[in-house]
Structure formats: structure tokens, C-alpha cells
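> Got a structure for you, written out below as C-alpha cells; questions coming shortly.
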Amino acid sequence: MRHALSLARRAAQQGEVPVGALVVRDGKVIGEGWNRPIGLHDPSAHAEIQALRAAGERERNYRLPGATLYVTLEPCPMCAGAIVHARIARVVFAASDPRGGAAGSVFDLLPSDRRFNHRTEVAGGLLAAEAAGLLRDFFRRRRR
């Protein structure tokens, strides 16, 4: 998660909402990303999507069974859908997202929506205070 937080700081330096993500399988980072929707003019360029794209490209497969996605903010519904399609085994997130989280805060798409053909284990709260602090500081500066 510390590496994901460093990626979130990179996003903030680029004027993006500070969220970072990485995909790990067999103890190795196979993809990483940070929020880039503003810079890429792409509403789908969330940190999780960037990390999944990088991992898929590296593995030459859009399916990533056995992988864990670490992300500094609870995934949104769009990212939850991508996580399910990629067959990610586990998601570990830092801060909950009370406005649009899809891993239990607002929506419960990960892991409990039984309508999906894949289940993803979820753990939240790892370094939550640090991740929430990055987000709070970013938005506080932006409002000034």
C-alpha cells in the first residue's frame, strides 16, 4: 500500500485526484497506475483502470486470476466492473469512499453481488488515515 500511496502522490503532483493503484501477483508488481482522467482527457483513466491495463499488457491477458489490486481509495462502480472482468482475486483498499465506493460504502458490488460470475475478496482500511489525509489535503488546496 505504501507504493500505491507514492503513486497517489504522483497523481497529486500532476493535478489529479491523489489515488494510486498496483496489481501484484506471486509477490511481483505486474501493473501500476495513478489517476489520470484530467491529463488524458479520459473519464475512465482511474488509477485502478490504469493498473489493470498495465498488468494486462504485461501479462498479455486481460484476465488476471490470482492477482491482488492495492488501491488508496475504495473502487467506484466502473472500476469494480473492470476488477470483476479481470478476475482479480483480492482488492485491498485504504480509504473508504462515502460518495461512490463500490466495495461496501455506497454500493456492494465487491464482493457480495452474487449476480456476477466472479467473486473478489475485499479488505479495507490499510493505511486509511494516510490515504484520507492525502485526499483531504488535495481538496483543501484546490478549494483555496
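By convention here, the chains of the C-alpha cells are called A, B, ... in the order presented, each chain's residues are numbered starting at 1, and ligands are numbered starting at 1 in the order presented.
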Name all residues at most 9 Å from region 121-138 of chain A (count only C-alpha atoms; drop same-chain ones fewer than 6 positions away) and give them as a VMD selection string.

chain A and resid 1 to 2 5 8 to 9 12 15 to 19 72 to 74 88 to 96 103 110 to 112

> Got a sec: who's within 12 Å of Arg99 (chain A), counting only C-alpha atoms, leaving out chain neighbours fewer than 5 positions off, as a list of chain:residue names?

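Counting only the stated atoms, we get A:Leu73, A:Glu74, A:Pro75, A:Cys76, A:Pro77, A:Gly104, A:Ser105, A:Val106, A:Phe107.
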
> Could you save the residues just selected, with all heavy atoms, as a JSON list (two decimals), in the first residue's frame?


[["chain", "number", "residue", "atom", "x", "y", "z"],
["A", 73, "LEU", "N", -7.97, 4.29, -2.56],
["A", 73, "LEU", "CA", -9.36, 4.68, -2.33],
["A", 73, "LEU", "C", -10.27, 3.55, -2.79],
["A", 73, "LEU", "O", -10.01, 2.93, -3.84],
["A", 73, "LEU", "CB", -9.69, 5.96, -3.12],
["A", 73, "LEU", "CG", -11.09, 6.53, -2.96],
["A", 73, "LEU", "CD1", -11.34, 7.00, -1.52],
["A", 73, "LEU", "CD2", -11.29, 7.71, -3.92],
["A", 74, "GLU", "N", -11.31, 3.30, -2.04],
["A", 74, "GLU", "CA", -12.27, 2.26, -2.39],
["A", 74, "GLU", "C", -12.72, 2.41, -3.85],
["A", 74, "GLU", "O", -13.06, 3.51, -4.29],
["A", 74, "GLU", "CB", -13.48, 2.38, -1.46],
["A", 74, "GLU", "CG", -14.57, 1.38, -1.70],
["A", 74, "GLU", "CD", -15.75, 1.59, -0.77],
["A", 74, "GLU", "OE1", -15.74, 2.55, 0.04],
["A", 74, "GLU", "OE2", -16.70, 0.78, -0.84],
["A", 75, "PRO", "N", -12.71, 1.34, -4.63],
["A", 75, "PRO", "CA", -13.09, 1.41, -6.04],
["A", 75, "PRO", "C", -14.52, 1.90, -6.27],
["A", 75, "PRO", "O", -15.42, 1.60, -5.47],
["A", 75, "PRO", "CB", -12.92, -0.03, -6.54],
["A", 75, "PRO", "CG", -11.95, -0.64, -5.60],
["A", 75, "PRO", "CD", -12.23, 0.00, -4.27],
["A", 76, "CYS", "N", -14.71, 2.62, -7.37],
["A", 76, "CYS", "CA", -16.03, 3.08, -7.79],
["A", 76, "CYS", "C", -16.72, 1.96, -8.57],
["A", 76, "CYS", "O", -16.10, 0.93, -8.87],
["A", 76, "CYS", "CB", -15.89, 4.32, -8.67],
["A", 76, "CYS", "SG", -15.23, 3.98, -10.33],
["A", 77, "PRO", "N", -17.99, 2.13, -8.94],
["A", 77, "PRO", "CA", -18.68, 1.08, -9.70],
["A", 77, "PRO", "C", -18.00, 0.73, -11.03],
["A", 77, "PRO", "O", -17.94, -0.45, -11.40],
["A", 77, "PRO", "CB", -20.08, 1.65, -9.92],
["A", 77, "PRO", "CG", -20.29, 2.55, -8.74],
["A", 77, "PRO", "CD", -18.93, 3.17, -8.50],
["A", 104, "GLY", "N", -18.70, -1.67, -0.55],
["A", 104, "GLY", "CA", -19.41, -1.71, 0.71],
["A", 104, "GLY", "C", -19.85, -0.37, 1.26],
["A", 104, "GLY", "O", -20.79, -0.31, 2.04],
["A", 105, "SER", "N", -19.21, 0.73, 0.87],
["A", 105, "SER", "CA", -19.57, 2.02, 1.44],
["A", 105, "SER", "C", -20.92, 2.53, 0.92],
["A", 105, "SER", "O", -21.79, 2.88, 1.69],
["A", 105, "SER", "CB", -18.50, 3.07, 1.14],
["A", 105, "SER", "OG", -17.33, 2.77, 1.86],
["A", 106, "VAL", "N", -21.05, 2.60, -0.39],
["A", 106, "VAL", "CA", -22.30, 3.07, -1.01],
["A", 106, "VAL", "C", -22.96, 1.91, -1.76],
["A", 106, "VAL", "O", -24.14, 1.65, -1.61],
["A", 106, "VAL", "CB", -22.05, 4.25, -1.97],
["A", 106, "VAL", "CG1", -23.33, 4.68, -2.65],
["A", 106, "VAL", "CG2", -21.42, 5.42, -1.22],
["A", 107, "PHE", "N", -22.17, 1.25, -2.57],
["A", 107, "PHE", "CA", -22.62, 0.08, -3.33],
["A", 107, "PHE", "C", -21.87, -1.13, -2.80],
["A", 107, "PHE", "O", -20.79, -0.99, -2.25],
["A", 107, "PHE", "CB", -22.31, 0.25, -4.83],
["A", 107, "PHE", "CG", -22.88, 1.50, -5.41],
["A", 107, "PHE", "CD1", -22.09, 2.62, -5.62],
["A", 107, "PHE", "CD2", -24.23, 1.56, -5.77],
["A", 107, "PHE", "CE1", -22.61, 3.76, -6.17],
["A", 107, "PHE", "CE2", -24.76, 2.71, -6.32],
["A", 107, "PHE", "CZ", -23.96, 3.82, -6.51]]

> With only C-alpha atoms as the basis for distance, which of A:Arg140, A:Arg25, A:Arg60, A:Gln14 is at the shortest distance from Pro37 (chain A)?

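The shortest atom-to-atom distance to Pro37 (chain A) comes from A:Gln14.
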
> When you look at Ala82 (chain A) with a cut-off of 12 Å (counting only C-alpha atoms), what residues show up, excluding the ones that are within fewer than 6 positions of it in the same chain? I need them as a short mmCIF file (atom, residue, chain, number, x, y, z; two decimals) with N, CA, C and O atoms, in the first residue's frame.


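Output file selection-v1.cif follows:
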data_model
loop_
_atom_site.label_atom_id
_atom_site.label_comp_id
_atom_site.auth_asym_id
_atom_site.auth_seq_id
_atom_site.Cartn_x
_atom_site.Cartn_y
_atom_site.Cartn_z
N SER A 44 -12.36 7.37 -17.95
CA SER A 44 -12.10 6.02 -17.44
C SER A 44 -10.67 5.85 -16.93
O SER A 44 -10.31 4.75 -16.49
N ALA A 45 -9.87 6.88 -16.92
CA ALA A 45 -8.46 6.76 -16.55
C ALA A 45 -8.24 6.83 -15.04
O ALA A 45 -7.35 7.51 -14.55
N HIS A 46 -9.04 6.08 -14.30
CA HIS A 46 -8.85 5.96 -12.86
C HIS A 46 -7.61 5.12 -12.59
O HIS A 46 -7.16 4.34 -13.44
N ALA A 47 -7.06 5.26 -11.39
CA ALA A 47 -5.85 4.54 -11.01
C ALA A 47 -5.99 3.03 -11.22
O ALA A 47 -5.08 2.38 -11.74
N GLU A 48 -7.13 2.48 -10.80
CA GLU A 48 -7.34 1.04 -10.92
C GLU A 48 -7.33 0.60 -12.38
O GLU A 48 -6.73 -0.43 -12.72
N ILE A 49 -7.98 1.36 -13.23
CA ILE A 49 -8.04 1.03 -14.66
C ILE A 49 -6.64 1.10 -15.26
O ILE A 49 -6.24 0.21 -16.04
N GLN A 50 -5.88 2.12 -14.90
CA GLN A 50 -4.51 2.24 -15.40
C GLN A 50 -3.67 1.05 -14.97
O GLN A 50 -2.90 0.49 -15.76
N ALA A 51 -3.81 0.64 -13.71
CA ALA A 51 -3.04 -0.51 -13.20
C ALA A 51 -3.47 -1.80 -13.88
O ALA A 51 -2.62 -2.63 -14.25
N LEU A 52 -4.77 -1.99 -14.07
CA LEU A 52 -5.27 -3.20 -14.75
C LEU A 52 -4.79 -3.24 -16.20
O LEU A 52 -4.41 -4.30 -16.70
N ARG A 53 -4.83 -2.11 -16.89
CA ARG A 53 -4.34 -2.05 -18.28
C ARG A 53 -2.87 -2.42 -18.36
O ARG A 53 -2.46 -3.19 -19.23
N GLY A 56 -2.49 -6.17 -17.64
CA GLY A 56 -2.96 -6.95 -18.78
C GLY A 56 -1.97 -6.94 -19.93
O GLY A 56 -1.72 -7.97 -20.57
N TYR A 62 -6.10 -10.11 -20.53
CA TYR A 62 -6.95 -9.21 -19.74
C TYR A 62 -7.46 -9.87 -18.48
O TYR A 62 -7.98 -9.20 -17.59
N ARG A 63 -7.32 -11.15 -18.36
CA ARG A 63 -7.70 -11.88 -17.16
C ARG A 63 -6.47 -12.01 -16.27
O ARG A 63 -5.39 -12.42 -16.73
N LEU A 64 -6.65 -11.70 -15.00
CA LEU A 64 -5.52 -11.68 -14.06
C LEU A 64 -5.85 -12.50 -12.80
O LEU A 64 -5.79 -12.00 -11.69
N LEU A 69 -5.22 -6.41 -6.19
CA LEU A 69 -5.17 -4.99 -6.54
C LEU A 69 -5.13 -4.19 -5.24
O LEU A 69 -6.02 -4.35 -4.39
N PRO A 75 -12.71 1.34 -4.63
CA PRO A 75 -13.09 1.41 -6.04
C PRO A 75 -14.52 1.90 -6.27
O PRO A 75 -15.42 1.60 -5.47
N CYS A 76 -14.71 2.62 -7.37
CA CYS A 76 -16.03 3.08 -7.79
C CYS A 76 -16.72 1.96 -8.57
O CYS A 76 -16.10 0.93 -8.87
N ILE A 88 -9.79 -10.38 -10.84
CA ILE A 88 -8.90 -10.08 -9.72
C ILE A 88 -9.38 -10.88 -8.50
O ILE A 88 -10.57 -10.89 -8.18
N ALA A 102 -17.74 1.25 -4.15
CA ALA A 102 -18.49 0.07 -4.61
C ALA A 102 -18.04 -1.22 -3.93
O ALA A 102 -18.31 -2.30 -4.41
N LEU A 109 -20.82 -3.97 -4.68
CA LEU A 109 -20.54 -4.79 -5.86
C LEU A 109 -19.41 -5.78 -5.61
O LEU A 109 -19.38 -6.86 -6.18
N LEU A 110 -18.46 -5.38 -4.79
CA LEU A 110 -17.34 -6.24 -4.41
C LEU A 110 -17.46 -6.50 -2.92
O LEU A 110 -17.45 -5.55 -2.15
N PHE A 116 -22.82 -11.44 -10.27
CA PHE A 116 -21.60 -11.56 -11.07
C PHE A 116 -21.14 -13.01 -11.08
O PHE A 116 -21.39 -13.76 -10.14
N HIS A 118 -18.05 -13.85 -10.89
CA HIS A 118 -16.75 -13.89 -10.23
C HIS A 118 -16.85 -13.17 -8.90
O HIS A 118 -17.50 -12.13 -8.80
N THR A 120 -14.74 -11.40 -5.72
CA THR A 120 -13.46 -10.79 -5.36
C THR A 120 -13.45 -10.55 -3.86
O THR A 120 -14.34 -9.90 -3.32
#

> What gap, in Å, lies between CA of Gly66 (chain A) and CA of His85 (chain A)?

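Result for CA of Gly66 (chain A) versus CA of His85 (chain A): 13.2 Å, one decimal.
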
> Distance CA of Leu7 (chain A)-CA of Ala21 (chain A), one decimal place?

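Distance between the two atoms: 7.0 Å.
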
> At what distance in Å, to one decimal, does CA of Asn61 (chain A) lie from CA of Ala11 (chain A)?

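Taking CA of Ala11 (chain A) as the start and CA of Asn61 (chain A) as the end point, the length is 26.1 Å.
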
> Among the residues of chain A, find those DSSP assigns to strand (DSSP E) from the backbone and print them as a PyMOL selection string.

chain A and resi 20-25+28-34+68-73+90-95+121-124

> Using only C-alpha atoms for the distances, tell me which of A:Val84, A:Leu40, A:Cys79, A:Val24 is nearest to Arg114 (chain A).

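Going through A:Val84, A:Leu40, A:Cys79, A:Val24 one by one, the smallest distance to Arg114 (chain A) is for A:Val84.
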
> Out of region 11-100 of chain A, which residues get alpha helix (DSSP H) from DSSP, as a PyMOL selection string?

chain A and resi 11-13+37-40+47-59+77-86

> Give me, as number ranges by chain, all polymer residues having an atom no more than 8 Å from Ala54 (chain A), counting only C-alpha atoms and skipping those fewer than 6 positions away in the same chain.

A: 30-33

> Could the residues in this selection be written to a file with C-alpha atoms, as a compact mmCIF listing (two decimals), in the first residue's frame?


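Contents of the output file again-v9.txt:
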# COMPACT_ATOMS: atom_id res chain seq x y z
CA ILE A 30 2.72 -6.54 -12.64
CA GLY A 31 0.92 -3.24 -13.15
CA GLU A 32 0.64 0.17 -11.58
CA GLY A 33 -1.29 3.33 -12.18

> When distances are computed from only C-alpha atoms, which of A:Arg87, A:Arg144, A:Lys28, A:Arg58 shows the smallest separation from Arg119 (chain A)?

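The closest residue to Arg119 (chain A) is A:Arg87.
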